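Only one structure is covered here, and it is reproduced in the block below.
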Amino acid sequence: MSRTRQTIVLIDDDESVRRALQRLLRAAGWHVETFAAAEQFLDSLAQPAPACLVVDVHLPGLSGLELHQRLQAEGRAVPVVFISAFGDERMRAQAREAGAIAFLDKPFQEECLLEAVAQAAAGTEC
């Protein structure tokens, strides 16, 4: 499937991060939808499901990990790449146990995100 037909959802409360990552992912050929909060994303859920979620762990309201758990509980398994400026080993372990494709610490190299998203969209783990 062409990347332009697959949607990557980016959820981060920092507008500058959303804009920068949206540009990066679009330049790599992905269709990108962005949200500032998990609840905004949940309110907009439509079919087909996105190929991948790129989610900041620390969000106002529902956290990235809580969002992932909720989607799984509802039977909406979507590959997730977590990003965080405040990641620690406990958080990484929680993300891995929840089935995250990758956990990237901000700032991360662009290539790392692009590789993680491509693997998530292809259904393989990093």
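Labeling convention for the structure tokens: chains A, B, ... as they appear, residues from 1 per chain, ligands from 1 in order of appearance.
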DSSP helix (DSSP H, G or I) selection over chain A, as a PyMOL selection string
chain A and resi 3-5+15-27+38-44+64-73+89-97+110-122
Range 29-41 of chain A surroundings by only C-alpha atoms, 7 Å radius, close-in-sequence under 3 positions cut, as a list in words | Arg3, Thr4, Arg5, Gln6, Thr7, Ile8, Val9, Leu10, Ile11, Asp12, Asp13, Arg18, Gln22, Leu25, Arg26, Ser44, Leu45, Leu59, Pro60, Leu62 and Leu67 of chain A
For the residues selected in the previous step, produce a file with C-alpha atoms as an mmCIF file, in the first residue's frame.
```
data_model
loop_
_atom_site.group_PDB
_atom_site.id
_atom_site.type_symbol
_atom_site.label_atom_id
_atom_site.label_comp_id
_atom_site.auth_asym_id
_atom_site.auth_seq_id
_atom_site.Cartn_x
_atom_site.Cartn_y
_atom_site.Cartn_z
ATOM 1 C CA ARG A 3 2.298 5.568 2.134
ATOM 2 C CA THR A 4 0.090 8.418 0.950
ATOM 3 C CA ARG A 5 -2.931 6.162 1.450
ATOM 4 C CA GLN A 6 -1.891 5.317 5.005
ATOM 5 C CA THR A 7 -2.540 7.760 7.821
ATOM 6 C CA ILE A 8 -0.170 8.422 10.671
ATOM 7 C CA VAL A 9 -1.788 10.065 13.688
ATOM 8 C CA LEU A 10 0.463 12.350 15.714
ATOM 9 C CA ILE A 11 -0.648 13.355 19.224
ATOM 10 C CA ASP A 12 1.491 15.883 21.100
ATOM 11 C CA ASP A 13 0.452 18.859 23.206
ATOM 12 C CA ARG A 18 3.406 18.696 16.089
ATOM 13 C CA GLN A 22 4.017 16.612 10.673
ATOM 14 C CA LEU A 25 6.302 12.626 8.115
ATOM 15 C CA ARG A 26 4.617 14.329 5.164
ATOM 16 C CA SER A 44 -12.486 11.924 15.827
ATOM 17 C CA LEU A 45 -11.975 8.171 15.503
ATOM 18 C CA LEU A 59 -0.368 14.694 27.574
ATOM 19 C CA PRO A 60 -2.929 16.808 29.402
ATOM 20 C CA LEU A 62 -5.501 11.122 29.161
ATOM 21 C CA LEU A 67 -4.782 6.152 25.438
#
```
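Using only C-alpha atoms, the smallest distance between any of A:Gln69, A:Arg23, A:Ala98, A:Val17 and Ala85 in chain A comes from A:Val17.
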Just asking: which residues within chain A are strand (DSSP E) according to DSSP, as a PDB file with all heavy atoms, in the first residue's frame?
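As a result, selection-v6.pdb now contains:
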```
ATOM      1  N   THR A   7      -2.533   6.593   6.939  1.00  0.00           N
ATOM      2  CA  THR A   7      -2.540   7.760   7.821  1.00  0.00           C
ATOM      3  C   THR A   7      -1.739   7.483   9.077  1.00  0.00           C
ATOM      4  O   THR A   7      -1.899   6.446   9.713  1.00  0.00           O
ATOM      5  CB  THR A   7      -3.985   8.127   8.208  1.00  0.00           C
ATOM      6  OG1 THR A   7      -4.705   8.465   7.008  1.00  0.00           O
ATOM      7  CG2 THR A   7      -4.019   9.306   9.174  1.00  0.00           C
ATOM      8  N   ILE A   8      -0.902   8.428   9.407  1.00  0.00           N
ATOM      9  CA  ILE A   8      -0.170   8.422  10.671  1.00  0.00           C
ATOM     10  C   ILE A   8      -0.831   9.487  11.537  1.00  0.00           C
ATOM     11  O   ILE A   8      -1.016  10.627  11.101  1.00  0.00           O
ATOM     12  CB  ILE A   8       1.322   8.763  10.471  1.00  0.00           C
ATOM     13  CG1 ILE A   8       1.977   7.822   9.460  1.00  0.00           C
ATOM     14  CG2 ILE A   8       2.055   8.765  11.817  1.00  0.00           C
ATOM     15  CD1 ILE A   8       1.897   6.357   9.786  1.00  0.00           C
ATOM     16  N   VAL A   9      -1.199   9.110  12.753  1.00  0.00           N
ATOM     17  CA  VAL A   9      -1.788  10.065  13.688  1.00  0.00           C
ATOM     18  C   VAL A   9      -0.708  10.477  14.673  1.00  0.00           C
ATOM     19  O   VAL A   9      -0.051   9.621  15.279  1.00  0.00           O
ATOM     20  CB  VAL A   9      -3.006   9.468  14.420  1.00  0.00           C
ATOM     21  CG1 VAL A   9      -3.445  10.359  15.564  1.00  0.00           C
ATOM     22  CG2 VAL A   9      -4.152   9.265  13.439  1.00  0.00           C
ATOM     23  N   LEU A  10      -0.533  11.770  14.821  1.00  0.00           N
ATOM     24  CA  LEU A  10       0.463  12.350  15.714  1.00  0.00           C
ATOM     25  C   LEU A  10      -0.268  13.098  16.826  1.00  0.00           C
ATOM     26  O   LEU A  10      -1.074  13.988  16.548  1.00  0.00           O
ATOM     27  CB  LEU A  10       1.352  13.310  14.918  1.00  0.00           C
ATOM     28  CG  LEU A  10       2.313  14.189  15.682  1.00  0.00           C
ATOM     29  CD1 LEU A  10       3.345  13.359  16.429  1.00  0.00           C
ATOM     30  CD2 LEU A  10       2.998  15.149  14.728  1.00  0.00           C
ATOM     31  N   ILE A  11       0.000  12.716  18.083  1.00  0.00           N
ATOM     32  CA  ILE A  11      -0.648  13.355  19.224  1.00  0.00           C
ATOM     33  C   ILE A  11       0.426  13.889  20.145  1.00  0.00           C
ATOM     34  O   ILE A  11       1.191  13.122  20.745  1.00  0.00           O
ATOM     35  CB  ILE A  11      -1.564  12.373  19.985  1.00  0.00           C
ATOM     36  CG1 ILE A  11      -2.548  11.703  19.028  1.00  0.00           C
ATOM     37  CG2 ILE A  11      -2.298  13.103  21.111  1.00  0.00           C
ATOM     38  CD1 ILE A  11      -3.310  10.539  19.650  1.00  0.00           C
ATOM     39  N   HIS A  31       0.396  10.439   4.963  1.00  0.00           N
ATOM     40  CA  HIS A  31      -0.709  11.350   5.261  1.00  0.00           C
ATOM     41  C   HIS A  31      -0.725  11.459   6.776  1.00  0.00           C
ATOM     42  O   HIS A  31      -0.679  10.442   7.478  1.00  0.00           O
ATOM     43  CB  HIS A  31      -2.037  10.779   4.741  1.00  0.00           C
ATOM     44  CG  HIS A  31      -3.198  11.625   5.120  1.00  0.00           C
ATOM     45  ND1 HIS A  31      -3.955  11.371   6.234  1.00  0.00           N
ATOM     46  CD2 HIS A  31      -3.715  12.743   4.554  1.00  0.00           C
ATOM     47  CE1 HIS A  31      -4.895  12.286   6.335  1.00  0.00           C
ATOM     48  NE2 HIS A  31      -4.766  13.131   5.325  1.00  0.00           N
ATOM     49  N   VAL A  32      -0.767  12.686   7.310  1.00  0.00           N
ATOM     50  CA  VAL A  32      -0.637  12.888   8.754  1.00  0.00           C
ATOM     51  C   VAL A  32      -1.817  13.692   9.289  1.00  0.00           C
ATOM     52  O   VAL A  32      -2.185  14.719   8.725  1.00  0.00           O
ATOM     53  CB  VAL A  32       0.681  13.640   9.093  1.00  0.00           C
ATOM     54  CG1 VAL A  32       0.840  13.792  10.599  1.00  0.00           C
ATOM     55  CG2 VAL A  32       1.878  12.933   8.487  1.00  0.00           C
ATOM     56  N   GLU A  33      -2.383  13.201  10.384  1.00  0.00           N
ATOM     57  CA  GLU A  33      -3.391  13.950  11.130  1.00  0.00           C
ATOM     58  C   GLU A  33      -2.797  14.235  12.500  1.00  0.00           C
ATOM     59  O   GLU A  33      -2.173  13.351  13.100  1.00  0.00           O
ATOM     60  CB  GLU A  33      -4.681  13.145  11.271  1.00  0.00           C
ATOM     61  CG  GLU A  33      -5.395  12.933   9.959  1.00  0.00           C
ATOM     62  CD  GLU A  33      -6.699  12.175  10.135  1.00  0.00           C
ATOM     63  OE1 GLU A  33      -7.218  12.100  11.264  1.00  0.00           O
ATOM     64  OE2 GLU A  33      -7.186  11.653   9.130  1.00  0.00           O
ATOM     65  N   THR A  34      -3.005  15.462  13.002  1.00  0.00           N
ATOM     66  CA  THR A  34      -2.421  15.824  14.291  1.00  0.00           C
ATOM     67  C   THR A  34      -3.501  16.214  15.291  1.00  0.00           C
ATOM     68  O   THR A  34      -4.557  16.728  14.922  1.00  0.00           O
ATOM     69  CB  THR A  34      -1.433  16.996  14.149  1.00  0.00           C
ATOM     70  OG1 THR A  34      -2.137  18.162  13.720  1.00  0.00           O
ATOM     71  CG2 THR A  34      -0.313  16.669  13.168  1.00  0.00           C
ATOM     72  N   PHE A  35      -3.182  15.960  16.558  1.00  0.00           N
ATOM     73  CA  PHE A  35      -4.067  16.292  17.666  1.00  0.00           C
ATOM     74  C   PHE A  35      -3.226  16.763  18.847  1.00  0.00           C
ATOM     75  O   PHE A  35      -2.119  16.268  19.053  1.00  0.00           O
ATOM     76  CB  PHE A  35      -4.904  15.075  18.084  1.00  0.00           C
ATOM     77  CG  PHE A  35      -5.755  14.531  16.972  1.00  0.00           C
ATOM     78  CD1 PHE A  35      -5.277  13.545  16.130  1.00  0.00           C
ATOM     79  CD2 PHE A  35      -7.027  15.034  16.770  1.00  0.00           C
ATOM     80  CE1 PHE A  35      -6.046  13.053  15.091  1.00  0.00           C
ATOM     81  CE2 PHE A  35      -7.812  14.549  15.725  1.00  0.00           C
ATOM     82  CZ  PHE A  35      -7.324  13.568  14.888  1.00  0.00           C
ATOM     83  N   CYS A  52      -0.516   3.946  12.132  1.00  0.00           N
ATOM     84  CA  CYS A  52       0.342   4.074  13.293  1.00  0.00           C
ATOM     85  C   CYS A  52      -0.034   5.323  14.070  1.00  0.00           C
ATOM     86  O   CYS A  52      -0.466   6.318  13.481  1.00  0.00           O
ATOM     87  CB  CYS A  52       1.797   4.174  12.832  1.00  0.00           C
ATOM     88  SG  CYS A  52       3.007   4.509  14.119  1.00  0.00           S
ATOM     89  N   LEU A  53       0.150   5.262  15.385  1.00  0.00           N
ATOM     90  CA  LEU A  53       0.032   6.440  16.236  1.00  0.00           C
ATOM     91  C   LEU A  53       1.426   6.821  16.708  1.00  0.00           C
ATOM     92  O   LEU A  53       2.188   5.946  17.125  1.00  0.00           O
ATOM     93  CB  LEU A  53      -0.825   6.163  17.468  1.00  0.00           C
ATOM     94  CG  LEU A  53      -2.270   5.738  17.297  1.00  0.00           C
ATOM     95  CD1 LEU A  53      -2.887   5.467  18.665  1.00  0.00           C
ATOM     96  CD2 LEU A  53      -3.050   6.795  16.569  1.00  0.00           C
ATOM     97  N   VAL A  54       1.736   8.097  16.651  1.00  0.00           N
ATOM     98  CA  VAL A  54       2.943   8.639  17.279  1.00  0.00           C
ATOM     99  C   VAL A  54       2.417   9.502  18.409  1.00  0.00           C
ATOM    100  O   VAL A  54       1.747  10.506  18.160  1.00  0.00           O
ATOM    101  CB  VAL A  54       3.789   9.463  16.288  1.00  0.00           C
ATOM    102  CG1 VAL A  54       4.989  10.084  16.998  1.00  0.00           C
ATOM    103  CG2 VAL A  54       4.240   8.593  15.109  1.00  0.00           C
ATOM    104  N   VAL A  55       2.683   9.074  19.647  1.00  0.00           N
ATOM    105  CA  VAL A  55       2.017   9.685  20.801  1.00  0.00           C
ATOM    106  C   VAL A  55       3.022  10.095  21.861  1.00  0.00           C
ATOM    107  O   VAL A  55       3.843   9.283  22.297  1.00  0.00           O
ATOM    108  CB  VAL A  55       1.004   8.698  21.431  1.00  0.00           C
ATOM    109  CG1 VAL A  55       0.248   9.353  22.573  1.00  0.00           C
ATOM    110  CG2 VAL A  55       0.044   8.160  20.400  1.00  0.00           C
ATOM    111  N   ASP A  56       2.912  11.349  22.288  1.00  0.00           N
ATOM    112  CA  ASP A  56       3.684  11.806  23.437  1.00  0.00           C
ATOM    113  C   ASP A  56       3.133  11.099  24.668  1.00  0.00           C
ATOM    114  O   ASP A  56       1.916  10.962  24.820  1.00  0.00           O
ATOM    115  CB  ASP A  56       3.547  13.320  23.584  1.00  0.00           C
ATOM    116  CG  ASP A  56       4.488  13.915  24.615  1.00  0.00           C
ATOM    117  OD1 ASP A  56       5.260  13.162  25.250  1.00  0.00           O
ATOM    118  OD2 ASP A  56       4.451  15.137  24.797  1.00  0.00           O
ATOM    119  N   VAL A  80       1.754   1.659  18.019  1.00  0.00           N
ATOM    120  CA  VAL A  80       2.073   2.937  18.664  1.00  0.00           C
ATOM    121  C   VAL A  80       3.572   3.116  18.791  1.00  0.00           C
ATOM    122  O   VAL A  80       4.292   2.204  19.204  1.00  0.00           O
ATOM    123  CB  VAL A  80       1.425   3.026  20.061  1.00  0.00           C
ATOM    124  CG1 VAL A  80       1.830   4.313  20.765  1.00  0.00           C
ATOM    125  CG2 VAL A  80      -0.085   2.935  19.966  1.00  0.00           C
ATOM    126  N   VAL A  81       4.011   4.320  18.449  1.00  0.00           N
ATOM    127  CA  VAL A  81       5.372   4.768  18.720  1.00  0.00           C
ATOM    128  C   VAL A  81       5.239   5.874  19.756  1.00  0.00           C
ATOM    129  O   VAL A  81       4.597   6.891  19.499  1.00  0.00           O
ATOM    130  CB  VAL A  81       6.061   5.314  17.444  1.00  0.00           C
ATOM    131  CG1 VAL A  81       7.422   5.917  17.780  1.00  0.00           C
ATOM    132  CG2 VAL A  81       6.175   4.221  16.388  1.00  0.00           C
ATOM    133  N   PHE A  82       5.808   5.643  20.938  1.00  0.00           N
ATOM    134  CA  PHE A  82       5.759   6.652  21.988  1.00  0.00           C
ATOM    135  C   PHE A  82       6.961   7.565  21.882  1.00  0.00           C
ATOM    136  O   PHE A  82       8.068   7.117  21.557  1.00  0.00           O
ATOM    137  CB  PHE A  82       5.745   6.006  23.378  1.00  0.00           C
ATOM    138  CG  PHE A  82       4.438   5.379  23.739  1.00  0.00           C
ATOM    139  CD1 PHE A  82       4.302   4.009  23.804  1.00  0.00           C
ATOM    140  CD2 PHE A  82       3.328   6.166  24.021  1.00  0.00           C
ATOM    141  CE1 PHE A  82       3.098   3.421  24.144  1.00  0.00           C
ATOM    142  CE2 PHE A  82       2.113   5.588  24.355  1.00  0.00           C
ATOM    143  CZ  PHE A  82       1.999   4.215  24.415  1.00  0.00           C
ATOM    144  N   ILE A  83       6.729   8.853  22.172  1.00  0.00           N
ATOM    145  CA  ILE A  83       7.807   9.825  22.244  1.00  0.00           C
ATOM    146  C   ILE A  83       7.676  10.556  23.580  1.00  0.00           C
ATOM    147  O   ILE A  83       6.572  10.717  24.090  1.00  0.00           O
ATOM    148  CB  ILE A  83       7.773  10.824  21.053  1.00  0.00           C
ATOM    149  CG1 ILE A  83       6.448  11.566  20.997  1.00  0.00           C
ATOM    150  CG2 ILE A  83       8.051  10.086  19.740  1.00  0.00           C
ATOM    151  CD1 ILE A  83       6.377  12.635  19.900  1.00  0.00           C
ATOM    152  N   SER A  84       8.826  10.951  24.146  1.00  0.00           N
ATOM    153  CA  SER A  84       8.766  11.653  25.421  1.00  0.00           C
ATOM    154  C   SER A  84      10.058  12.403  25.690  1.00  0.00           C
ATOM    155  O   SER A  84      11.147  11.913  25.390  1.00  0.00           O
ATOM    156  CB  SER A  84       8.521  10.674  26.567  1.00  0.00           C
ATOM    157  OG  SER A  84       8.470  11.371  27.800  1.00  0.00           O
ATOM    158  N   ALA A 102       7.938   1.288  19.509  1.00  0.00           N
ATOM    159  CA  ALA A 102       9.182   1.955  19.885  1.00  0.00           C
ATOM    160  C   ALA A 102       8.887   3.010  20.943  1.00  0.00           C
ATOM    161  O   ALA A 102       7.745   3.457  21.096  1.00  0.00           O
ATOM    162  CB  ALA A 102       9.831   2.611  18.666  1.00  0.00           C
ATOM    163  N   PHE A 103       9.926   3.402  21.651  1.00  0.00           N
ATOM    164  CA  PHE A 103       9.854   4.485  22.636  1.00  0.00           C
ATOM    165  C   PHE A 103      11.055   5.363  22.355  1.00  0.00           C
ATOM    166  O   PHE A 103      12.195   4.949  22.557  1.00  0.00           O
ATOM    167  CB  PHE A 103       9.910   3.930  24.058  1.00  0.00           C
ATOM    168  CG  PHE A 103       9.602   4.949  25.120  1.00  0.00           C
ATOM    169  CD1 PHE A 103       8.395   4.912  25.800  1.00  0.00           C
ATOM    170  CD2 PHE A 103      10.508   5.959  25.428  1.00  0.00           C
ATOM    171  CE1 PHE A 103       8.100   5.847  26.781  1.00  0.00           C
ATOM    172  CE2 PHE A 103      10.220   6.902  26.400  1.00  0.00           C
ATOM    173  CZ  PHE A 103       9.018   6.849  27.079  1.00  0.00           C
ATOM    174  N   LEU A 104      10.798   6.581  21.868  1.00  0.00           N
ATOM    175  CA  LEU A 104      11.878   7.488  21.479  1.00  0.00           C
ATOM    176  C   LEU A 104      11.950   8.661  22.450  1.00  0.00           C
ATOM    177  O   LEU A 104      10.937   9.303  22.735  1.00  0.00           O
ATOM    178  CB  LEU A 104      11.649   8.020  20.062  1.00  0.00           C
ATOM    179  CG  LEU A 104      11.499   6.960  18.965  1.00  0.00           C
ATOM    180  CD1 LEU A 104      11.187   7.630  17.631  1.00  0.00           C
ATOM    181  CD2 LEU A 104      12.750   6.102  18.858  1.00  0.00           C
ATOM    182  N   ASP A 105      13.152   8.919  22.942  1.00  0.00           N
ATOM    183  CA  ASP A 105      13.367  10.046  23.839  1.00  0.00           C
ATOM    184  C   ASP A 105      13.636  11.310  23.027  1.00  0.00           C
ATOM    185  O   ASP A 105      14.488  11.305  22.130  1.00  0.00           O
ATOM    186  CB  ASP A 105      14.566   9.769  24.754  1.00  0.00           C
ATOM    187  CG  ASP A 105      14.277   8.672  25.760  1.00  0.00           C
ATOM    188  OD1 ASP A 105      13.297   8.808  26.508  1.00  0.00           O
ATOM    189  OD2 ASP A 105      15.037   7.681  25.785  1.00  0.00           O
TER     190      ASP A 105
END
```
Problem - Distance query Ala122 in chain A at most 10 Å, only C-alpha atoms, self and fewer than 6 positions along chain excluded, as a ChimeraX atom specification - result: /A:1,51-52,79,116
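A straight line drawn from CA of Leu24 in chain A to CA of Leu114 in chain A is 8.3 Å long.
Here CA of Ala120 in chain A and CA of Asp43 in chain A stand 23.0 Å from one another.
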The residue from A:Ile101, A:Val78, A:Ala95, A:Leu65 with the smallest atom-to-atom distance to Ala118 in chain A, counting only C-alpha atoms, is A:Ile101
